[in-house]
$ cat upload.cif   # mmCIF, C-alpha atoms and all ligand atoms
data_start
loop_
_atom_site.label_atom_id
_atom_site.label_comp_id
_atom_site.auth_asym_id
_atom_site.auth_seq_id
_atom_site.Cartn_x
_atom_site.Cartn_y
_atom_site.Cartn_z
CA MET A 1 -55.02 75.68 34.19
CA VAL A 2 -53.66 73.18 31.86
CA GLU A 3 -50.10 72.22 31.13
CA ASN A 4 -49.79 74.68 28.24
CA ARG A 5 -50.49 77.80 30.37
CA ASN A 6 -47.13 79.31 29.36
CA ASP A 7 -47.81 78.73 25.67
CA VAL A 8 -51.26 80.32 25.95
CA SER A 9 -49.75 83.26 27.78
CA SER A 10 -47.02 83.73 25.12
CA PHE A 11 -49.56 83.47 22.29
CA LEU A 12 -51.89 86.10 23.78
CA SER A 13 -48.96 88.37 24.67
CA TYR A 14 -47.71 88.09 21.08
CA CYS A 15 -51.15 89.18 19.81
CA LEU A 16 -51.17 92.13 22.19
CA GLN A 17 -47.62 93.27 21.44
CA ASN A 18 -48.03 92.94 17.69
CA ASN A 19 -51.19 94.97 17.36
CA PHE A 20 -53.60 92.16 16.42
CA PRO A 21 -57.30 92.76 17.05
CA PHE A 22 -58.19 89.69 19.10
CA PHE A 23 -60.37 88.24 21.83
CA ALA A 24 -60.11 85.46 24.37
CA TYR A 25 -63.03 84.38 26.51
CA GLN A 26 -64.31 81.66 28.79
CA LEU A 27 -68.06 81.11 28.77
CA PRO A 28 -69.64 80.36 32.17
CA GLU A 29 -69.35 76.77 33.37
CA THR A 30 -67.20 75.62 30.44
CA GLY A 31 -63.67 75.96 31.81
CA ARG A 32 -62.57 76.42 28.19
CA ILE A 33 -60.88 79.46 26.74
CA GLN A 34 -61.71 80.28 23.13
CA ILE A 35 -59.45 82.62 21.16
CA GLY A 36 -60.09 84.53 17.93
CA VAL A 37 -57.59 86.67 16.06
CA GLN A 38 -58.25 89.04 13.19
CA THR A 39 -55.24 89.04 10.87
CA ASP A 40 -55.61 92.58 9.55
CA LEU A 41 -56.52 95.99 10.91
CA ASP A 42 -59.60 96.43 8.77
CA LEU A 43 -62.12 96.47 11.60
CA LYS A 44 -65.81 96.65 10.95
CA ASP A 45 -67.98 98.96 13.00
CA TYR A 46 -71.74 98.61 13.13
CA GLN A 47 -74.82 100.52 14.23
CA VAL A 48 -77.22 97.65 14.79
CA LEU A 49 -76.31 94.05 15.39
CA SER A 50 -78.51 92.82 12.53
CA GLU A 51 -75.88 94.21 10.10
CA LEU A 52 -73.65 91.31 11.18
CA ASP A 53 -75.80 88.41 10.04
CA ALA A 54 -73.89 85.20 9.20
CA VAL A 55 -70.44 86.17 10.44
CA ASN A 56 -68.10 84.57 12.96
CA GLY A 57 -66.49 86.91 15.42
CA PHE A 58 -66.81 88.89 18.60
CA VAL A 59 -68.76 92.08 19.17
CA PHE A 60 -67.74 94.91 21.45
CA SER A 61 -70.28 97.66 22.00
CA PRO A 62 -70.23 100.77 24.22
CA PHE A 63 -72.64 101.72 27.01
CA ASP A 64 -74.00 104.77 25.21
CA SER A 65 -74.75 104.23 21.53
CA GLU A 66 -74.88 107.98 21.02
CA SER A 67 -71.37 108.51 22.37
CA ARG A 68 -68.22 108.83 20.25
CA HIS A 69 -67.46 105.15 20.86
CA LYS A 70 -68.45 102.77 18.09
CA SER A 71 -69.64 99.18 18.18
CA TRP A 72 -67.03 96.84 16.70
CA LEU A 73 -66.82 93.38 15.24
CA ILE A 74 -63.54 91.47 15.55
CA ARG A 75 -63.46 88.73 12.91
CA SER A 76 -62.06 85.39 13.97
CA ASP A 77 -59.77 84.73 10.99
CA ILE A 78 -57.79 82.43 13.26
CA SER A 79 -59.94 80.60 15.75
CA LEU A 80 -58.64 78.16 18.31
CA GLN A 81 -59.14 76.82 21.79
CA ALA A 82 -56.49 77.61 24.37
CA SER A 83 -55.95 73.87 24.87
CA GLU A 84 -54.81 73.57 21.22
CA ILE A 85 -52.04 76.14 21.60
CA LYS A 86 -48.52 74.73 21.56
CA SER A 87 -45.06 76.24 21.79
CA ASN A 88 -45.01 76.37 17.99
CA SER A 89 -48.34 78.22 17.54
CA ILE A 90 -46.87 81.73 17.24
CA PRO A 91 -45.67 81.16 13.62
CA LEU A 92 -49.39 81.04 12.74
CA LEU A 93 -49.34 84.77 13.44
CA GLU A 94 -45.88 85.61 12.14
CA ALA A 95 -47.15 85.35 8.58
CA TYR A 96 -49.12 88.54 9.21
CA GLN A 97 -47.20 91.73 9.78
CA LEU A 98 -49.63 94.34 11.02
CA LYS A 99 -48.65 97.92 10.57
CA LYS A 100 -47.85 99.54 13.91
CA GLU A 101 -49.91 102.68 14.19
CA GLU A 102 -48.17 105.97 14.78
CA GLU A 103 -47.31 106.27 18.47
CA LEU A 104 -50.13 108.19 20.11
CA PRO A 105 -49.54 110.03 23.39
CA LYS A 106 -49.95 107.52 26.22
CA GLU A 107 -53.50 107.64 27.53
CA VAL A 108 -53.94 108.38 31.22
CA MET A 109 -57.19 108.09 33.16
CA LEU A 110 -58.20 109.79 36.38
CA GLU A 111 -59.70 108.13 39.41
CA SER A 112 -63.13 109.35 40.57
CA ALA A 113 -62.54 111.11 43.91
CA SER A 114 -64.65 109.72 46.75
CA THR A 115 -65.96 113.24 47.54
CA LEU A 116 -67.17 113.52 43.96
CA TYR A 117 -68.90 110.14 44.22
CA PHE A 118 -70.64 111.17 47.47
CA ASN A 119 -71.85 114.46 45.91
CA GLN A 120 -73.12 112.62 42.86
CA VAL A 121 -74.94 109.92 44.80
CA THR A 122 -76.59 112.56 47.02
CA GLU A 123 -77.71 114.53 43.96
CA MET A 124 -79.16 111.40 42.39
CA ILE A 125 -81.00 110.35 45.56
CA LYS A 126 -82.69 113.79 45.57
CA ASP A 127 -84.01 113.23 42.04
CA LEU A 128 -85.15 109.73 42.97
CA LYS A 129 -86.97 110.99 46.09
CA ASN A 130 -88.65 113.69 43.97
CA GLY A 131 -90.03 110.88 41.82
CA LYS A 132 -88.18 112.01 38.68
CA LEU A 133 -87.11 108.41 38.14
CA ASN A 134 -87.16 105.05 39.93
CA LYS A 135 -83.60 103.83 39.62
CA VAL A 136 -80.28 104.97 38.19
CA ILE A 137 -76.82 103.43 38.13
CA LEU A 138 -73.94 105.57 39.30
CA SER A 139 -70.44 104.37 38.44
CA ARG A 140 -66.90 105.41 39.27
CA VAL A 141 -63.37 104.69 38.11
CA GLN A 142 -60.66 103.23 40.33
CA ILE A 143 -57.11 103.44 39.02
CA LEU A 144 -54.58 100.70 39.64
CA GLU A 145 -51.16 102.23 39.24
CA GLY A 146 -48.17 99.98 38.74
CA MET A 147 -50.13 97.57 36.55
CA GLY A 148 -50.61 97.88 32.82
CA LEU A 149 -50.49 96.19 29.46
CA ASN A 150 -47.73 93.80 30.54
CA ASP A 151 -50.08 92.44 33.22
CA ALA A 152 -53.17 92.05 31.02
CA VAL A 153 -52.67 88.44 29.92
CA GLU A 154 -51.70 87.17 33.36
CA SER A 155 -54.68 88.97 34.92
CA PHE A 156 -57.01 87.43 32.34
CA LEU A 157 -55.63 83.92 32.96
CA LYS A 158 -55.98 84.33 36.73
CA LEU A 159 -59.59 85.48 36.33
CA SER A 160 -60.36 82.53 34.06
CA GLU A 161 -58.95 80.16 36.69
CA ALA A 162 -60.78 81.80 39.60
CA TYR A 163 -64.22 82.42 38.10
CA HIS A 164 -65.92 79.50 36.41
CA SER A 165 -69.43 80.87 36.62
CA ALA A 166 -68.56 84.24 35.03
CA PHE A 167 -67.93 85.29 31.44
CA VAL A 168 -64.20 86.01 31.61
CA PHE A 169 -62.71 88.00 28.76
CA LEU A 170 -59.74 89.78 27.26
CA VAL A 171 -60.48 91.94 24.22
CA ALA A 172 -57.98 94.10 22.35
CA ILE A 173 -58.79 96.46 19.50
CA PRO A 174 -55.93 98.70 18.36
CA ASN A 175 -56.76 102.37 18.91
CA VAL A 176 -59.99 101.45 20.69
CA GLY A 177 -58.81 99.71 23.83
CA THR A 178 -57.87 96.59 25.72
CA TRP A 179 -60.35 95.38 28.30
CA ILE A 180 -60.44 92.45 30.72
CA GLY A 181 -63.18 91.35 33.04
CA ALA A 182 -65.32 88.68 34.64
CA SER A 183 -68.97 89.51 34.03
CA PRO A 184 -71.77 87.86 36.01
CA GLU A 185 -74.51 89.15 33.68
CA THR A 186 -75.84 87.59 30.47
CA LEU A 187 -77.47 90.13 28.17
CA LEU A 188 -78.79 87.59 25.65
CA SER A 189 -77.54 84.19 24.68
CA SER A 190 -78.91 81.79 22.13
CA LYS A 191 -77.75 78.32 21.34
CA ASN A 192 -79.74 75.76 19.37
CA SER A 193 -83.31 76.53 20.33
CA GLU A 194 -82.64 78.03 23.79
CA VAL A 195 -82.57 81.76 24.34
CA GLU A 196 -81.67 83.15 27.75
CA THR A 197 -81.57 86.52 29.43
CA VAL A 198 -81.34 87.51 33.10
CA ALA A 199 -82.40 90.27 35.47
CA LEU A 200 -79.52 90.85 37.87
CA ALA A 201 -79.38 93.39 40.70
CA GLY A 202 -78.93 93.76 44.45
CA THR A 203 -75.54 93.15 45.97
CA GLN A 204 -74.21 91.96 49.30
CA LYS A 205 -71.06 90.38 50.61
CA LEU A 206 -71.21 86.61 50.92
CA SER A 207 -68.66 86.43 53.76
CA ASP A 208 -68.55 82.95 55.27
CA ARG A 209 -72.27 82.24 54.90
CA LEU A 210 -73.85 79.51 52.81
CA MET A 211 -75.89 80.77 49.86
CA SER A 212 -79.03 79.43 51.56
CA GLN A 213 -78.36 81.77 54.51
CA VAL A 214 -78.42 84.92 52.39
CA LYS A 215 -81.39 87.19 53.17
CA TRP A 216 -82.40 90.21 51.08
CA GLU A 217 -83.61 93.63 52.19
CA ASP A 218 -86.65 95.24 50.61
CA LYS A 219 -84.45 97.81 48.89
CA ASP A 220 -82.57 95.07 46.97
CA VAL A 221 -85.75 93.18 46.14
CA LYS A 222 -87.26 96.37 44.67
CA GLU A 223 -84.06 97.23 42.82
CA GLN A 224 -83.99 93.82 41.15
CA ALA A 225 -87.73 93.87 40.43
CA PHE A 226 -87.18 97.03 38.33
CA VAL A 227 -84.85 95.04 36.10
CA SER A 228 -87.26 92.08 35.85
CA SER A 229 -90.23 94.24 34.98
CA TYR A 230 -88.21 96.01 32.29
CA ILE A 231 -87.14 92.71 30.74
CA GLU A 232 -90.70 91.42 30.79
CA GLU A 233 -91.90 94.63 29.15
CA VAL A 234 -89.30 94.33 26.37
CA LEU A 235 -90.21 90.67 25.83
CA ALA A 236 -93.90 91.61 25.58
CA GLN A 237 -93.08 94.36 23.04
CA HIS A 238 -91.38 91.67 20.98
CA ASN A 239 -94.40 89.40 21.31
CA VAL A 240 -92.36 86.88 23.29
CA ARG A 241 -94.87 85.42 25.73
CA ASP A 242 -93.71 81.84 25.94
CA TYR A 243 -90.88 81.76 28.46
CA LYS A 244 -89.91 80.12 31.72
CA ARG A 245 -89.00 82.47 34.54
CA THR A 246 -86.88 81.20 37.43
CA GLY A 247 -86.18 83.27 40.51
CA PRO A 248 -85.27 85.67 41.82
CA VAL A 249 -82.65 83.55 43.55
CA SER A 250 -79.31 84.40 45.13
CA SER A 251 -76.46 84.07 42.68
CA GLN A 252 -72.78 84.21 43.61
CA ALA A 253 -70.28 86.34 41.72
CA GLY A 254 -66.91 86.01 43.45
CA ASN A 255 -67.09 87.54 46.93
CA VAL A 256 -70.54 89.05 46.33
CA VAL A 257 -74.07 87.75 45.86
CA HIS A 258 -76.76 89.17 43.58
CA LEU A 259 -80.44 88.53 43.09
CA LYS A 260 -81.10 86.94 39.73
CA THR A 261 -84.16 86.00 37.68
CA THR A 262 -83.48 83.84 34.63
CA TYR A 263 -85.71 83.91 31.55
CA LEU A 264 -85.58 80.92 29.21
CA LEU A 265 -87.39 81.64 25.97
CA SER A 266 -88.75 78.69 24.05
CA GLY A 267 -88.36 78.30 20.35
CA LYS A 268 -85.61 79.26 17.99
CA MET A 269 -85.20 82.94 17.18
CA SER A 270 -83.65 84.23 13.99
CA PHE A 271 -80.57 86.44 14.10
CA PRO A 272 -82.59 89.58 13.15
CA GLN A 273 -85.06 88.81 15.97
CA LEU A 274 -82.22 88.34 18.48
CA SER A 275 -80.55 91.53 17.26
CA SER A 276 -83.64 93.57 17.73
CA LEU A 277 -84.10 92.16 21.26
CA VAL A 278 -80.51 93.10 22.09
CA GLN A 279 -81.12 96.58 20.74
CA ASP A 280 -84.07 97.07 23.09
CA LEU A 281 -82.70 95.28 26.15
CA HIS A 282 -79.45 97.22 26.20
CA PRO A 283 -78.74 99.08 28.43
CA THR A 284 -80.87 97.29 31.02
CA PRO A 285 -81.80 98.90 34.36
CA ALA A 286 -78.92 96.85 35.87
CA VAL A 287 -76.49 99.35 34.32
CA CYS A 288 -78.63 102.35 33.29
CA GLY A 289 -81.90 102.75 35.20
CA LEU A 290 -85.63 103.29 34.90
CA PRO A 291 -87.18 104.97 33.01
CA LYS A 292 -84.32 104.26 30.65
CA ILE A 293 -84.07 107.61 28.85
CA LYS A 294 -84.34 109.69 32.03
CA ALA A 295 -81.68 107.53 33.68
CA LEU A 296 -79.39 107.82 30.66
CA GLU A 297 -79.77 111.60 30.68
CA LEU A 298 -79.01 111.77 34.39
CA ILE A 299 -75.91 109.58 33.99
CA ARG A 300 -74.68 111.79 31.12
CA GLU A 301 -75.25 114.88 33.25
CA VAL A 302 -73.83 113.67 36.56
CA GLU A 303 -70.96 111.26 35.83
CA GLN A 304 -67.79 113.09 34.91
CA HIS A 305 -65.91 110.13 33.45
CA ASP A 306 -66.57 108.50 30.12
CA ARG A 307 -67.95 104.97 30.62
CA GLU A 308 -66.69 103.99 27.15
CA TYR A 309 -67.27 100.25 26.94
CA TYR A 310 -68.02 99.66 30.65
CA ALA A 311 -71.70 98.64 30.94
CA GLY A 312 -71.79 98.03 27.19
CA TYR A 313 -72.08 94.48 25.89
CA LEU A 314 -69.70 92.02 24.33
CA GLY A 315 -69.33 88.42 23.25
CA PRO A 316 -69.08 85.93 20.43
CA ILE A 317 -71.48 85.68 17.52
CA GLU A 318 -71.52 82.79 15.06
CA SER A 319 -72.55 82.46 11.45
CA ASN A 320 -75.19 79.88 12.46
CA GLY A 321 -77.01 82.61 14.42
CA SER A 322 -75.76 81.64 17.90
CA ILE A 323 -74.84 84.55 20.14
CA SER A 324 -73.50 84.75 23.71
CA LEU A 325 -73.63 88.37 24.76
CA PHE A 326 -72.75 89.61 28.24
CA VAL A 327 -72.80 92.97 29.96
CA ASN A 328 -69.34 94.52 30.30
CA LEU A 329 -69.20 94.53 34.12
CA ARG A 330 -66.52 93.80 36.73
CA SER A 331 -64.08 94.95 34.14
CA MET A 332 -61.22 97.27 33.44
CA LYS A 333 -59.61 99.11 30.62
CA VAL A 334 -55.95 98.27 30.40
CA LEU A 335 -53.64 101.16 29.53
CA GLU A 336 -49.88 101.09 29.01
CA ASN A 337 -49.07 101.83 32.66
CA GLN A 338 -52.44 101.77 34.41
CA MET A 339 -55.56 99.73 34.76
CA ALA A 340 -58.84 101.62 35.07
CA LEU A 341 -61.43 99.60 36.93
CA PHE A 342 -65.08 100.62 36.47
CA VAL A 343 -67.64 99.86 39.17
CA GLY A 344 -71.19 101.01 39.70
CA GLY A 345 -74.33 100.31 41.62
CA GLY A 346 -78.07 100.81 41.43
CA ILE A 347 -79.33 103.87 43.31
CA THR A 348 -82.95 104.13 44.41
CA ALA A 349 -84.83 106.57 46.67
CA ASP A 350 -83.95 104.28 49.64
CA SER A 351 -80.20 104.33 48.98
CA LEU A 352 -77.72 105.38 51.65
CA PRO A 353 -74.53 106.96 50.22
CA ASP A 354 -72.13 105.11 52.57
CA LYS A 355 -73.65 101.74 51.73
CA GLU A 356 -73.54 102.46 48.00
CA TRP A 357 -69.86 103.38 48.23
CA GLU A 358 -69.15 100.19 50.17
CA GLU A 359 -70.98 98.18 47.52
CA THR A 360 -68.75 99.55 44.76
CA CYS A 361 -65.70 98.65 46.86
CA LEU A 362 -66.99 95.09 47.24
CA LYS A 363 -67.52 94.78 43.49
CA ALA A 364 -64.02 96.10 42.83
CA GLN A 365 -62.65 93.43 45.18
CA THR A 366 -63.98 90.63 42.94
CA LEU A 367 -61.30 91.63 40.43
CA LEU A 368 -58.64 92.96 42.76
CA ASN A 369 -58.55 89.86 44.99
CA VAL A 370 -57.73 87.75 41.97
CA ILE A 371 -55.42 89.88 39.87
CA ARG A 372 -53.33 90.93 42.87
CA SER A 373 -53.01 87.34 44.15
C1 LIG B 401 -73.31 98.09 37.71
C2 LIG B 401 -72.73 97.02 38.26
O1 LIG B 401 -73.43 95.94 38.71
C3 LIG B 401 -74.81 95.77 38.40
C4 LIG B 401 -75.07 94.32 38.35
C5 LIG B 401 -75.43 93.63 39.49
C6 LIG B 401 -75.77 94.31 40.65
C7 LIG B 401 -75.85 95.66 40.66
C8 LIG B 401 -76.23 96.39 41.90
O2 LIG B 401 -76.48 95.75 42.94
O3 LIG B 401 -76.26 97.61 41.90
C9 LIG B 401 -75.66 96.47 39.43
O4 LIG B 401 -76.93 96.76 38.91
C10 LIG B 401 -71.26 96.91 38.38
O5 LIG B 401 -70.77 95.87 38.80
O6 LIG B 401 -70.55 97.88 38.00
#
$ encode --input "upload.cif" --output "structure tokens" --more "lines below"
Ligand SMILES: C=C(O[C@H]1C=CC=C(C(=O)O)[C@@H]1O)C(=O)O
Amino acid sequence: MVENRNDVSSFLSYCLQNNFPFFAYQLPETGRIQIGVQTDLDLKDYQVLSELDAVNGFVFSPFDSESRHKSWLIRSDISLQASEIKSNSIPLLEAYQLKKEEELPKEVMLESASTLYFNQVTEMIKDLKNGKLNKVILSRVQILEGMGLNDAVESFLKLSEAYHSAFVFLVAIPNVGTWIGASPETLLSSKNSEVETVALAGTQKLSDRLMSQVKWEDKDVKEQAFVSSYIEEVLAQHNVRDYKRTGPVSSQAGNVVHLKTTYLLSGKMSFPQLSSLVQDLHPTPAVCGLPKIKALELIREVEQHDREYYAGYLGPIESNGSISLFVNLRSMKVLENQMALFVGGGITADSLPDKEWEETCLKAQTLLNVIRS
């Protein structure tokens, strides 16, 4: 990064230590960090995105809309680019004294035991073989001890420096959580008259191959096709028939490669139209499964951890109707003295438990390689 890395780090750390709701993110291929700070603790929650028409801010929504976790909007009362931050930027925030909440007991999360994961994946494969459903995503939690809130800003900055093609983020909402990540998956983005969504699935290690040397097995092709067909179905339900589809092609995300189909929708869409598309796209079969309801029920029944905001969506929205929403993947919840990394993978009838486990380890490495460097 830039010469003012220390100033950016101090500014974000000040926000975190002083209880500000805030966000910092780097959109893919921009190399620019945008920061937004809400100067009070009056956070707005929402049920459907369309309630947020004509506001500037950042949305943070859970995986399961029927869970106890709410969808939040962080207003950007102070909005600035990281490059604008100077050593004297903190006084901008000192004018606002946010009440420190009562000290809650420190939250602790448990790692998913590998034996539990293997039992769960085996149970799911049985249901898939019986034809109860076509695909389901099983996730697990990996705990990083010895890292915590004091490492959040540095980890975010390292991710932003390492991953230019990802959506890299740091989001903090008092009493809700602090999350960082580097997501490879756009849920829906709209700028000017271009609307984009993607179907992402299938994972393998890149190793020292060129992207053109990557070959895909049938299992991955099928797994990704489930996501594409779901997206096309949702687009059809919304009467969106005019779009350009590219792929599936191999797409790199750190040390792994995915199969990706990109959908570029022509014509401008209004904010209510975009909101209703988001409502129906989320959660896609890249993080939930197919059929959606059956997969959601199976995840609720089998997974023993709470996904919270993992596999939810997040990103900036603007008063002019532009949105850039991404799926909350390759991410972790930052606790006082722990980081809880969430990783999952698509399970189909052809899945092999050992390979699925390995795949989650590979995905975890995309974050670990960078934040531990
Ligand atoms: C659910 C995750 O990844 C999804 C996105 C891309 C590839 C995936 C896969 O190959 O299973 C997953 O569907 C995750 O990283 O936790």
$ residues_near_ligand --input "upload.cif" --ligand "ligand LIG 401 (chain B)" --cutoff "8 Å" --atoms "all atoms listed in the file" --output "ChimeraX atom specification"
/A:137-139,184-185,200-204,220,223-224,258-259,285-287,310-311,329-330,342-347,359-360,363-364
$ atom_distance --input "upload.cif" --atom1 "CA of Leu128 in chain A" --atom2 "CA of Leu116 in chain A"
18.4 Å
$ atom_distance --input "upload.cif" --atom1 "CA of Ser229 in chain A" --atom2 "CA of Val249 in chain A"
15.7 Å
$ residues_around --input "upload.cif" --residues "Gly321 in chain A" --least-positions-apart "6" --cutoff "12 Å" --atoms "all atoms listed in the file" --output "short mmCIF file (atom, residue, chain, number, x, y, z; two decimals) with C-alpha atoms, in the frame of the given file"
data_model
loop_
_atom_site.label_atom_id
_atom_site.label_comp_id
_atom_site.auth_asym_id
_atom_site.auth_seq_id
_atom_site.Cartn_x
_atom_site.Cartn_y
_atom_site.Cartn_z
CA LEU A 49 -76.31 94.05 15.39
CA SER A 50 -78.51 92.82 12.53
CA LEU A 52 -73.65 91.31 11.18
CA ASP A 53 -75.80 88.41 10.04
CA ALA A 54 -73.89 85.20 9.20
CA VAL A 55 -70.44 86.17 10.44
CA ASN A 56 -68.10 84.57 12.96
CA GLY A 57 -66.49 86.91 15.42
CA SER A 189 -77.54 84.19 24.68
CA SER A 190 -78.91 81.79 22.13
CA LYS A 191 -77.75 78.32 21.34
CA ASN A 192 -79.74 75.76 19.37
CA SER A 193 -83.31 76.53 20.33
CA GLU A 194 -82.64 78.03 23.79
CA VAL A 195 -82.57 81.76 24.34
CA LYS A 268 -85.61 79.26 17.99
CA MET A 269 -85.20 82.94 17.18
CA SER A 270 -83.65 84.23 13.99
CA PHE A 271 -80.57 86.44 14.10
CA PRO A 272 -82.59 89.58 13.15
CA GLN A 273 -85.06 88.81 15.97
CA LEU A 274 -82.22 88.34 18.48
CA SER A 275 -80.55 91.53 17.26
#
$ atom_distance --input "upload.cif" --atom1 "CA of Thr262 in chain A" --atom2 "CA of Gln34 in chain A"
24.9 Å
$ closest_atom_pairs --input "upload.cif" --of "range 305-339 of chain A" --to "range 69-89 of chain A" --cutoff "12 Å" --atoms "only C-alpha atoms" --output "CSV"
residue,atom,partner,partner_atom,distance
A:Asp306,CA,A:His69,CA,9.9
A:Arg307,CA,A:His69,CA,9.8
A:Glu308,CA,A:His69,CA,6.4
A:Tyr309,CA,A:His69,CA,7.8
A:Tyr310,CA,A:His69,CA,11.2
A:Gly312,CA,A:Ser71,CA,9.3
A:Tyr313,CA,A:Ser71,CA,9.4
A:Leu314,CA,A:Trp72,CA,9.4
A:Gly315,CA,A:Leu73,CA,9.7
A:Pro316,CA,A:Ile74,CA,9.2
A:Ile317,CA,A:Leu73,CA,9.3
A:Glu318,CA,A:Ser76,CA,9.9
A:Ser319,CA,A:Arg75,CA,11.1
$ closest_residue --input "upload.cif" --among "A:Gln26, A:Pro91, A:Thr178, A:Glu66" --to "Asn150 in chain A" --atoms "only C-alpha atoms"
A:Thr178
$ closest_residue --input "upload.cif" --among "A:Thr348, A:Ser112, A:Ser183, A:Ser251" --to "Lys135 in chain A" --atoms "only C-alpha atoms"
A:Thr348
$ closest_residue --input "upload.cif" --among "A:Glu196, A:Glu303, A:Asp350, A:Glu107" --to "Leu335 in chain A" --atoms "all atoms listed in the file"
A:Glu107
$ closest_residue --input "upload.cif" --among "A:Ser9, A:Asn337, A:Gln17, A:Asn134" --to "Ala295 in chain A" --atoms "all atoms listed in the file"
A:Asn134
$ residues_near_point --input "upload.cif" --point "(-56.5, 95.6, 10.1)" --cutoff "8 Å" --atoms "all atoms listed in the file" --output "list in words"
Phe20, Pro21, Gln38, Thr39, Asp40, Leu41, Asp42, Leu43 and Leu98 of chain A
$ write_last_selection --input "upload.cif" --atoms "C-alpha atoms" --output "mmCIF file, keeping the file's coordinate frame"
data_model
loop_
_atom_site.group_PDB
_atom_site.id
_atom_site.type_symbol
_atom_site.label_atom_id
_atom_site.label_comp_id
_atom_site.auth_asym_id
_atom_site.auth_seq_id
_atom_site.Cartn_x
_atom_site.Cartn_y
_atom_site.Cartn_z
ATOM 1 C CA PHE A 20 -53.600 92.160 16.420
ATOM 2 C CA PRO A 21 -57.300 92.760 17.050
ATOM 3 C CA GLN A 38 -58.250 89.040 13.190
ATOM 4 C CA THR A 39 -55.240 89.040 10.870
ATOM 5 C CA ASP A 40 -55.610 92.580 9.550
ATOM 6 C CA LEU A 41 -56.520 95.990 10.910
ATOM 7 C CA ASP A 42 -59.600 96.430 8.770
ATOM 8 C CA LEU A 43 -62.120 96.470 11.600
ATOM 9 C CA LEU A 98 -49.630 94.340 11.020
#
$ closest_residue --input "upload.cif" --among "A:Cys288, A:Leu16, A:Val141, A:Ala236" --to "Leu110 in chain A" --atoms "all atoms listed in the file"
A:Val141
$ closest_residue --input "upload.cif" --among "A:Phe58, A:Phe156, A:Phe226, A:Tyr46" --to "Val334 in chain A" --atoms "all atoms listed in the file"
A:Phe156
$ residues_around --input "upload.cif" --residues "range 102-106 of chain A" --least-positions-apart "2" --cutoff "12 Å" --atoms "only C-alpha atoms" --output "list in words"
Asn19, Lys99, Lys100, Val108, Met109, Gly148, Leu149, Pro174, Asn175, Val176, Val334, Leu335, Glu336, Asn337 and Gln338 of chain A
$ residues_around --input "upload.cif" --residues "Ile90 in chain A" --least-positions-apart "6" --cutoff "12 Å" --atoms "only C-alpha atoms" --output "ChimeraX atom specification"
/A:7-15,18,37,78,96
